[in-house]
$ cat upload27.cif   # mmCIF, C-alpha atoms
data_my_file
#
loop_
_atom_site.label_atom_id
_atom_site.label_comp_id
_atom_site.auth_asym_id
_atom_site.auth_seq_id
_atom_site.Cartn_x
_atom_site.Cartn_y
_atom_site.Cartn_z
CA MET D 1 0.00 0.00 0.00
CA PRO D 2 1.55 3.36 -1.01
CA ALA D 3 2.16 5.97 1.67
CA ARG D 4 -0.60 8.48 2.12
CA THR D 5 0.43 12.03 1.29
CA THR D 6 -1.39 15.18 2.24
CA PRO D 7 -1.41 17.80 -0.51
CA ASP D 8 -0.09 21.27 0.20
CA LEU D 9 -2.97 23.14 1.77
CA THR D 10 -3.66 26.73 2.64
CA PHE D 11 -5.87 27.20 5.68
CA ALA D 12 -7.95 30.28 6.37
CA ARG D 13 -9.88 31.17 9.51
CA ILE D 14 -13.19 32.75 8.51
CA THR D 15 -15.37 34.88 10.78
CA PRO D 16 -19.17 35.10 10.43
CA ASP D 17 -19.08 38.23 8.27
CA ALA D 18 -16.64 36.69 5.80
CA ALA D 19 -18.43 33.33 5.94
CA TRP D 20 -21.50 34.89 4.36
CA GLU D 21 -19.38 35.62 1.31
CA ILE D 22 -18.26 32.00 0.88
CA THR D 23 -21.58 30.37 1.79
CA PRO D 24 -22.14 29.21 -1.82
CA GLU D 25 -18.77 27.40 -1.75
CA LEU D 26 -19.47 25.84 1.65
CA THR D 27 -22.88 24.70 0.50
CA ALA D 28 -21.47 23.27 -2.74
CA VAL D 29 -18.99 21.14 -0.78
CA TYR D 30 -21.79 19.94 1.50
CA ALA D 31 -23.94 19.06 -1.52
CA ARG D 32 -21.16 16.87 -2.95
CA VAL D 33 -20.22 15.21 0.34
CA TYR D 34 -23.83 14.29 1.19
CA ASN D 35 -24.82 13.23 -2.33
CA VAL D 36 -24.44 9.56 -1.40
CA PRO D 37 -26.61 6.94 0.29
CA PRO D 38 -28.02 6.99 2.92
CA TYR D 39 -28.23 10.80 2.80
CA ILE D 40 -29.73 11.29 -0.67
CA GLY D 41 -33.44 12.04 -0.36
CA ASP D 42 -33.36 12.44 3.44
CA PRO D 43 -34.81 15.89 4.24
CA PHE D 44 -32.52 16.24 7.27
CA PHE D 45 -29.51 16.16 4.92
CA SER D 46 -30.95 18.33 2.15
CA VAL D 47 -28.90 21.30 1.01
CA GLU D 48 -31.74 23.61 2.07
CA THR D 49 -31.80 22.19 5.60
CA PHE D 50 -28.01 22.42 5.82
CA SER D 51 -28.11 26.04 4.63
CA ASP D 52 -30.62 26.84 7.36
CA ARG D 53 -28.41 25.22 10.02
CA LEU D 54 -25.29 26.97 8.69
CA ASN D 55 -26.97 30.38 8.55
CA ALA D 56 -28.27 29.94 12.11
CA ALA D 57 -24.74 29.08 13.28
CA PHE D 58 -23.38 32.39 11.97
CA ASP D 59 -25.12 34.11 14.89
CA MET D 60 -23.94 31.70 17.57
CA LYS D 61 -21.21 32.68 20.00
CA GLY D 62 -17.72 31.88 18.73
CA PHE D 63 -18.75 30.88 15.19
CA GLU D 64 -15.78 30.21 12.93
CA VAL D 65 -14.96 28.31 9.74
CA VAL D 66 -11.54 26.97 8.77
CA THR D 67 -11.16 26.23 5.09
CA ALA D 68 -8.58 24.04 3.36
CA ARG D 69 -7.66 25.04 -0.18
CA LEU D 70 -5.24 23.68 -2.74
CA ALA D 71 -2.65 25.96 -4.36
CA ASP D 72 -5.08 26.67 -7.22
CA GLY D 73 -7.70 27.94 -4.75
CA THR D 74 -9.93 24.86 -4.86
CA LEU D 75 -11.87 24.46 -1.62
CA VAL D 76 -11.35 20.79 -0.73
CA GLY D 77 -12.60 20.78 2.84
CA TYR D 78 -13.65 22.77 5.84
CA VAL D 79 -14.76 22.62 9.42
CA HIS D 80 -17.05 24.96 11.30
CA GLY D 81 -18.21 25.28 14.85
CA VAL D 82 -19.15 27.47 17.78
CA THR D 83 -18.59 27.84 21.49
CA LEU D 84 -20.84 25.27 23.15
CA THR D 85 -23.55 26.60 25.43
CA PRO D 86 -24.35 24.09 28.18
CA ASP D 87 -28.08 24.56 27.66
CA ARG D 88 -27.86 23.06 24.14
CA ALA D 89 -30.48 20.27 24.21
CA TRP D 90 -28.20 17.46 23.06
CA TRP D 91 -25.50 18.42 25.60
CA ALA D 92 -28.02 18.76 28.42
CA ALA D 93 -29.35 15.28 27.60
CA LEU D 94 -25.89 13.93 28.49
CA GLU D 95 -25.85 15.47 31.97
CA GLU D 96 -25.76 12.16 33.85
CA VAL D 97 -22.98 10.60 31.75
CA LEU D 98 -20.63 13.53 31.11
CA PRO D 99 -17.43 13.75 33.11
CA THR D 100 -17.60 16.45 35.78
CA ASP D 101 -14.64 18.33 34.31
CA ALA D 102 -16.36 18.47 30.89
CA LYS D 103 -19.55 19.88 32.43
CA GLU D 104 -17.52 22.47 34.33
CA ALA D 105 -15.66 23.41 31.15
CA ALA D 106 -18.96 23.93 29.31
CA GLU D 107 -20.29 26.11 32.12
CA ALA D 108 -17.12 28.21 31.85
CA GLY D 109 -17.41 28.58 28.05
CA GLU D 110 -14.37 26.35 27.52
CA VAL D 111 -15.87 23.84 25.07
CA PHE D 112 -15.73 24.22 21.30
CA TRP D 113 -18.54 22.44 19.45
CA LEU D 114 -17.23 21.18 16.12
CA ARG D 115 -20.47 21.17 14.13
CA GLU D 116 -19.33 20.00 10.69
CA LEU D 117 -16.16 18.65 9.13
CA MET D 118 -16.17 17.66 5.49
CA VAL D 119 -13.76 16.90 2.67
CA LEU D 120 -14.67 16.50 -0.99
CA PRO D 121 -14.94 12.79 -1.87
CA GLU D 122 -12.05 12.81 -4.35
CA TYR D 123 -9.74 14.24 -1.65
CA THR D 124 -10.55 11.85 1.20
CA ASN D 125 -7.93 9.51 2.67
CA GLN D 126 -5.18 12.09 2.13
CA GLY D 127 -5.04 13.49 5.68
CA ILE D 128 -7.02 16.62 4.83
CA GLY D 129 -9.78 15.98 7.35
CA ARG D 130 -7.29 15.59 10.17
CA ALA D 131 -5.28 18.60 9.02
CA VAL D 132 -8.27 20.96 8.85
CA HIS D 133 -9.55 19.58 12.18
CA ASP D 134 -6.24 20.22 13.91
CA GLU D 135 -5.93 23.69 12.38
CA MET D 136 -9.34 24.60 13.78
CA VAL D 137 -8.96 23.07 17.23
CA LYS D 138 -5.42 24.34 17.86
CA GLY D 139 -6.53 27.88 17.01
CA ARG D 140 -9.54 27.98 19.32
CA ALA D 141 -9.62 29.73 22.68
CA GLU D 142 -11.62 26.88 24.23
CA SER D 143 -9.52 24.11 25.75
CA TRP D 144 -12.04 21.29 25.13
CA THR D 145 -13.69 20.15 21.89
CA THR D 146 -16.89 18.19 21.44
CA LEU D 147 -18.61 16.85 18.37
CA THR D 148 -21.35 14.46 17.43
CA CYS D 149 -20.86 11.85 14.73
CA ILE D 150 -23.55 9.73 13.12
CA PHE D 151 -23.03 6.39 14.82
CA ASP D 152 -22.59 4.42 11.58
CA ASN D 153 -20.79 7.10 9.55
CA GLU D 154 -17.61 5.28 8.65
CA PRO D 155 -14.80 6.03 8.32
CA ALA D 156 -15.37 9.24 10.33
CA ARG D 157 -16.78 7.38 13.35
CA SER D 158 -13.56 5.37 13.67
CA ALA D 159 -11.25 8.29 12.92
CA TYR D 160 -12.25 10.52 15.82
CA PRO D 161 -11.21 8.10 18.58
CA ARG D 162 -7.85 7.67 16.78
CA TRP D 163 -7.51 11.47 16.97
CA GLY D 164 -7.97 11.35 20.75
CA TYR D 165 -11.74 11.69 21.17
CA GLU D 166 -13.56 9.76 23.88
CA VAL D 167 -17.02 8.46 22.95
CA VAL D 168 -19.65 9.50 25.51
CA ASP D 169 -21.66 6.53 26.75
CA LYS D 170 -25.06 7.73 25.50
CA GLN D 171 -26.31 8.37 21.98
CA ILE D 172 -28.36 11.45 21.06
CA LYS D 173 -30.50 12.93 18.29
CA HIS D 174 -30.32 16.59 17.30
CA ALA D 175 -33.95 16.57 16.21
CA PRO D 176 -36.74 13.98 16.00
CA GLU D 177 -36.01 13.52 12.29
CA SER D 178 -32.22 13.30 12.69
CA PRO D 179 -30.15 10.14 12.74
CA VAL D 180 -28.60 8.83 15.95
CA TYR D 181 -25.26 10.37 16.91
CA ASP D 182 -22.38 9.39 19.15
CA PRO D 183 -21.24 12.42 21.17
CA MET D 184 -17.48 12.66 21.65
CA LEU D 185 -15.09 14.71 23.75
CA LEU D 186 -11.52 15.81 23.10
CA ARG D 187 -9.83 16.70 26.36
CA PRO D 188 -7.27 19.54 26.39
CA SER D 189 -4.38 17.10 26.85
CA GLN D 190 -5.41 14.89 23.92
CA LEU D 191 -4.62 17.19 20.99
CA GLY D 192 -1.09 16.56 19.78
#
$ encode --input "upload27.cif" --output "structure tokens"
Amino acid sequence: MPARTTPDLTFARITPDAAWEITPELTAVYARVYNVPPYIGDPFFSVETFSDRLNAAFDMKGFEVVTARLADGTLVGYVHGVTLTPDRAWWAALEEVLPTDAKEAAEAGEVFWLRELMVLPEYTNQGIGRAVHDEMVKGRAESWTTLTCIFDNEPARSAYPRWGYEVVDKQIKHAPESPVYDPMLLRPSQLG
């Protein structure tokens, strides 16, 4: 098996105001990434529903996007997220199983919620997802990171624990119509 190589990437940190300008690009990447079974035809994963979620995130505390572009400017992947508020329904549903230090970190505004990470299909398995993830997380003020991953979304579901995430021992749904997710935590000491 040949060695995996990560292409030369340029990362950019994008604030909400600038994110509005690249929303069509972000949405186009989403449309390509989720244009596969089992997502095709599921209203929860429609481009319109994603656009609504993305636009709502622009107004959340700490919103930021990190993009990964090739030398020619091609957007090949990105991650976006916000500062977690402990009253977020999915987080609150985990109250009895979350570690005490994670709950305290959320109360103090010290948890970054990684909402989406995606890489164009033709650029997967080249280390881009990990690279854009690390660029985002290392640049955040929050010391903890949390995310939710669809429980059967492979290979992402297996990648996050390799990157240091702990799987929380309770699955959640973001909405009645959403799939089931595994919540995960990245402790401050786990990011290399």
$ resolve_selection --input "upload27.cif" --expression "the PyMOL selection byres ((chain D and resi 13) around 9)" --output "compact mmCIF listing (two decimals) with C-alpha atoms, in the coordinates of the input"
# COMPACT_ATOMS: atom_id res chain seq x y z
CA PHE D 11 -5.87 27.20 5.68
CA ALA D 12 -7.95 30.28 6.37
CA ILE D 14 -13.19 32.75 8.51
CA THR D 15 -15.37 34.88 10.78
CA GLU D 64 -15.78 30.21 12.93
CA VAL D 65 -14.96 28.31 9.74
CA VAL D 66 -11.54 26.97 8.77
CA THR D 67 -11.16 26.23 5.09
CA GLU D 135 -5.93 23.69 12.38
CA MET D 136 -9.34 24.60 13.78
CA GLY D 139 -6.53 27.88 17.01
$ atom_distance --input "upload27.cif" --atom1 "CA of Glu122 (chain D)" --atom2 "CA of Thr10 (chain D)"
17.7 Å
$ residues_near_point --input "upload27.cif" --point "(-17.4, 17.8, 7.0)" --cutoff "8 Å" --atoms "all atoms listed in the file" --output "PyMOL selection string"
chain D and resi 30+33+77-79+116-119+129
$ atom_distance --input "upload27.cif" --atom1 "CA of Glu110 (chain D)" --atom2 "CA of Gly127 (chain D)"
27.0 Å
$ atom_distance --input "upload27.cif" --atom1 "CA of Gly81 (chain D)" --atom2 "CA of Phe112 (chain D)"
7.0 Å
$ residues_around --input "upload27.cif" --residues "Leu94 (chain D)" --least-positions-apart "6" --cutoff "12 Å" --atoms "all atoms listed in the file" --output "VMD selection string"
chain D and resid 86 to 88 100 102 to 103 148 167 to 173 182 to 185
$ closest_residue --input "upload27.cif" --among "D:Val29, D:Ala159, D:Leu186, D:Ala57" --to "Arg130 (chain D)" --atoms "all atoms listed in the file"
D:Ala159
$ residues_around --input "upload27.cif" --residues "Arg32 (chain D)" --least-positions-apart "5" --cutoff "9 Å" --atoms "all atoms listed in the file" --output "JSON, numbers by chain"
{"D": [27, 120, 121]}
$ closest_residue --input "upload27.cif" --among "D:Glu104, D:Trp113, D:Ser178, D:Trp163" --to "Ala131 (chain D)" --atoms "only C-alpha atoms"
D:Trp163
$ axis_aligned_box --input "upload27.cif" --around "region 146-158 of chain D" --padding-each-side "8 Å" --output "AutoDock Vina command-line options"
--center_x -18.6 --center_y 11.3 --center_z 14.9 --size_x 26.0 --size_y 29.8 --size_z 29.1
$ closest_residue --input "upload27.cif" --among "D:Thr83, D:Phe44, D:Ala31, D:Leu147" --to "Pro179 (chain D)" --atoms "only C-alpha atoms"
D:Phe44
$ closest_residue --input "upload27.cif" --among "D:Met60, D:Ala28, D:Val137, D:Ile150" --to "Val47 (chain D)" --atoms "only C-alpha atoms"
D:Ala28
$ closest_residue --input "upload27.cif" --among "D:Glu142, D:Glu154, D:Asp134, D:Asp72" --to "Ala106 (chain D)" --atoms "all atoms listed in the file"
D:Glu142
$ closest_residue --input "upload27.cif" --among "D:Leu84, D:Ala89, D:Ile128, D:Ala141" --to "Val111 (chain D)" --atoms "only C-alpha atoms"
D:Leu84
$ decode --input "upload27.cif" --residues "region 100-127 of chain D" --atoms "N, CA and C atoms" --output "JSON list (two decimals), in the first residue's frame"
[["chain", "number", "residue", "atom", "x", "y", "z"],
["D", 100, "THR", "N", -17.41, 15.20, 35.05],
["D", 100, "THR", "CA", -17.60, 16.45, 35.78],
["D", 100, "THR", "C", -16.75, 17.57, 35.19],
["D", 101, "ASP", "N", -15.50, 17.27, 34.83],
["D", 101, "ASP", "CA", -14.64, 18.33, 34.31],
["D", 101, "ASP", "C", -15.13, 18.85, 32.95],
["D", 102, "ALA", "N", -15.79, 18.02, 32.16],
["D", 102, "ALA", "CA", -16.36, 18.47, 30.89],
["D", 102, "ALA", "C", -17.56, 19.38, 31.14],
["D", 103, "LYS", "N", -18.40, 19.02, 32.09],
["D", 103, "LYS", "CA", -19.55, 19.88, 32.43],
["D", 103, "LYS", "C", -19.07, 21.23, 32.95],
["D", 104, "GLU", "N", -18.06, 21.22, 33.80],
["D", 104, "GLU", "CA", -17.52, 22.47, 34.33],
["D", 104, "GLU", "C", -16.92, 23.32, 33.21],
["D", 105, "ALA", "N", -16.24, 22.68, 32.28],
["D", 105, "ALA", "CA", -15.66, 23.41, 31.15],
["D", 105, "ALA", "C", -16.76, 24.06, 30.31],
["D", 106, "ALA", "N", -17.85, 23.35, 30.08],
["D", 106, "ALA", "CA", -18.96, 23.93, 29.31],
["D", 106, "ALA", "C", -19.57, 25.12, 30.03],
["D", 107, "GLU", "N", -19.75, 25.00, 31.33],
["D", 107, "GLU", "CA", -20.29, 26.11, 32.12],
["D", 107, "GLU", "C", -19.39, 27.34, 32.03],
["D", 108, "ALA", "N", -18.09, 27.12, 31.92],
["D", 108, "ALA", "CA", -17.12, 28.21, 31.85],
["D", 108, "ALA", "C", -16.89, 28.72, 30.43],
["D", 109, "GLY", "N", -17.61, 28.16, 29.44],
["D", 109, "GLY", "CA", -17.41, 28.58, 28.05],
["D", 109, "GLY", "C", -16.13, 28.05, 27.44],
["D", 110, "GLU", "N", -15.65, 26.92, 27.95],
["D", 110, "GLU", "CA", -14.37, 26.35, 27.52],
["D", 110, "GLU", "C", -14.50, 25.14, 26.61],
["D", 111, "VAL", "N", -15.68, 24.99, 25.96],
["D", 111, "VAL", "CA", -15.87, 23.84, 25.07],
["D", 111, "VAL", "C", -16.24, 24.34, 23.68],
["D", 112, "PHE", "N", -15.46, 23.93, 22.71],
["D", 112, "PHE", "CA", -15.73, 24.22, 21.30],
["D", 112, "PHE", "C", -16.57, 23.09, 20.74],
["D", 113, "TRP", "N", -17.69, 23.44, 20.09],
["D", 113, "TRP", "CA", -18.54, 22.44, 19.45],
["D", 113, "TRP", "C", -18.23, 22.41, 17.96],
["D", 114, "LEU", "N", -17.55, 21.38, 17.53],
["D", 114, "LEU", "CA", -17.23, 21.18, 16.12],
["D", 114, "LEU", "C", -18.50, 20.65, 15.46],
["D", 115, "ARG", "N", -19.15, 21.50, 14.68],
["D", 115, "ARG", "CA", -20.47, 21.17, 14.13],
["D", 115, "ARG", "C", -20.39, 20.37, 12.83],
["D", 116, "GLU", "N", -19.45, 20.70, 11.99],
["D", 116, "GLU", "CA", -19.33, 20.00, 10.69],
["D", 116, "GLU", "C", -17.87, 19.93, 10.29],
["D", 117, "LEU", "N", -17.47, 18.81, 9.74],
["D", 117, "LEU", "CA", -16.16, 18.65, 9.13],
["D", 117, "LEU", "C", -16.40, 17.85, 7.86],
["D", 118, "MET", "N", -15.96, 18.39, 6.74],
["D", 118, "MET", "CA", -16.17, 17.66, 5.49],
["D", 118, "MET", "C", -15.04, 17.90, 4.51],
["D", 119, "VAL", "N", -14.79, 16.87, 3.70],
["D", 119, "VAL", "CA", -13.76, 16.90, 2.67],
["D", 119, "VAL", "C", -14.40, 16.34, 1.39],
["D", 120, "LEU", "N", -14.13, 16.99, 0.27],
["D", 120, "LEU", "CA", -14.67, 16.50, -0.99],
["D", 120, "LEU", "C", -14.28, 15.03, -1.20],
["D", 121, "PRO", "N", -15.19, 14.23, -1.74],
["D", 121, "PRO", "CA", -14.94, 12.79, -1.87],
["D", 121, "PRO", "C", -13.62, 12.43, -2.57],
["D", 122, "GLU", "N", -13.27, 13.16, -3.61],
["D", 122, "GLU", "CA", -12.05, 12.81, -4.35],
["D", 122, "GLU", "C", -10.77, 13.18, -3.60],
["D", 123, "TYR", "N", -10.91, 13.86, -2.45],
["D", 123, "TYR", "CA", -9.74, 14.24, -1.65],
["D", 123, "TYR", "C", -9.70, 13.54, -0.30],
["D", 124, "THR", "N", -10.58, 12.57, -0.08],
["D", 124, "THR", "CA", -10.55, 11.85, 1.20],
["D", 124, "THR", "C", -9.35, 10.90, 1.24],
["D", 125, "ASN", "N", -9.04, 10.44, 2.43],
["D", 125, "ASN", "CA", -7.93, 9.51, 2.67],
["D", 125, "ASN", "C", -6.58, 10.09, 2.28],
["D", 126, "GLN", "N", -6.46, 11.42, 2.39],
["D", 126, "GLN", "CA", -5.18, 12.09, 2.13],
["D", 126, "GLN", "C", -4.73, 12.90, 3.35],
["D", 127, "GLY", "N", -5.42, 12.75, 4.47],
["D", 127, "GLY", "CA", -5.04, 13.49, 5.68],
["D", 127, "GLY", "C", -5.62, 14.88, 5.77]]
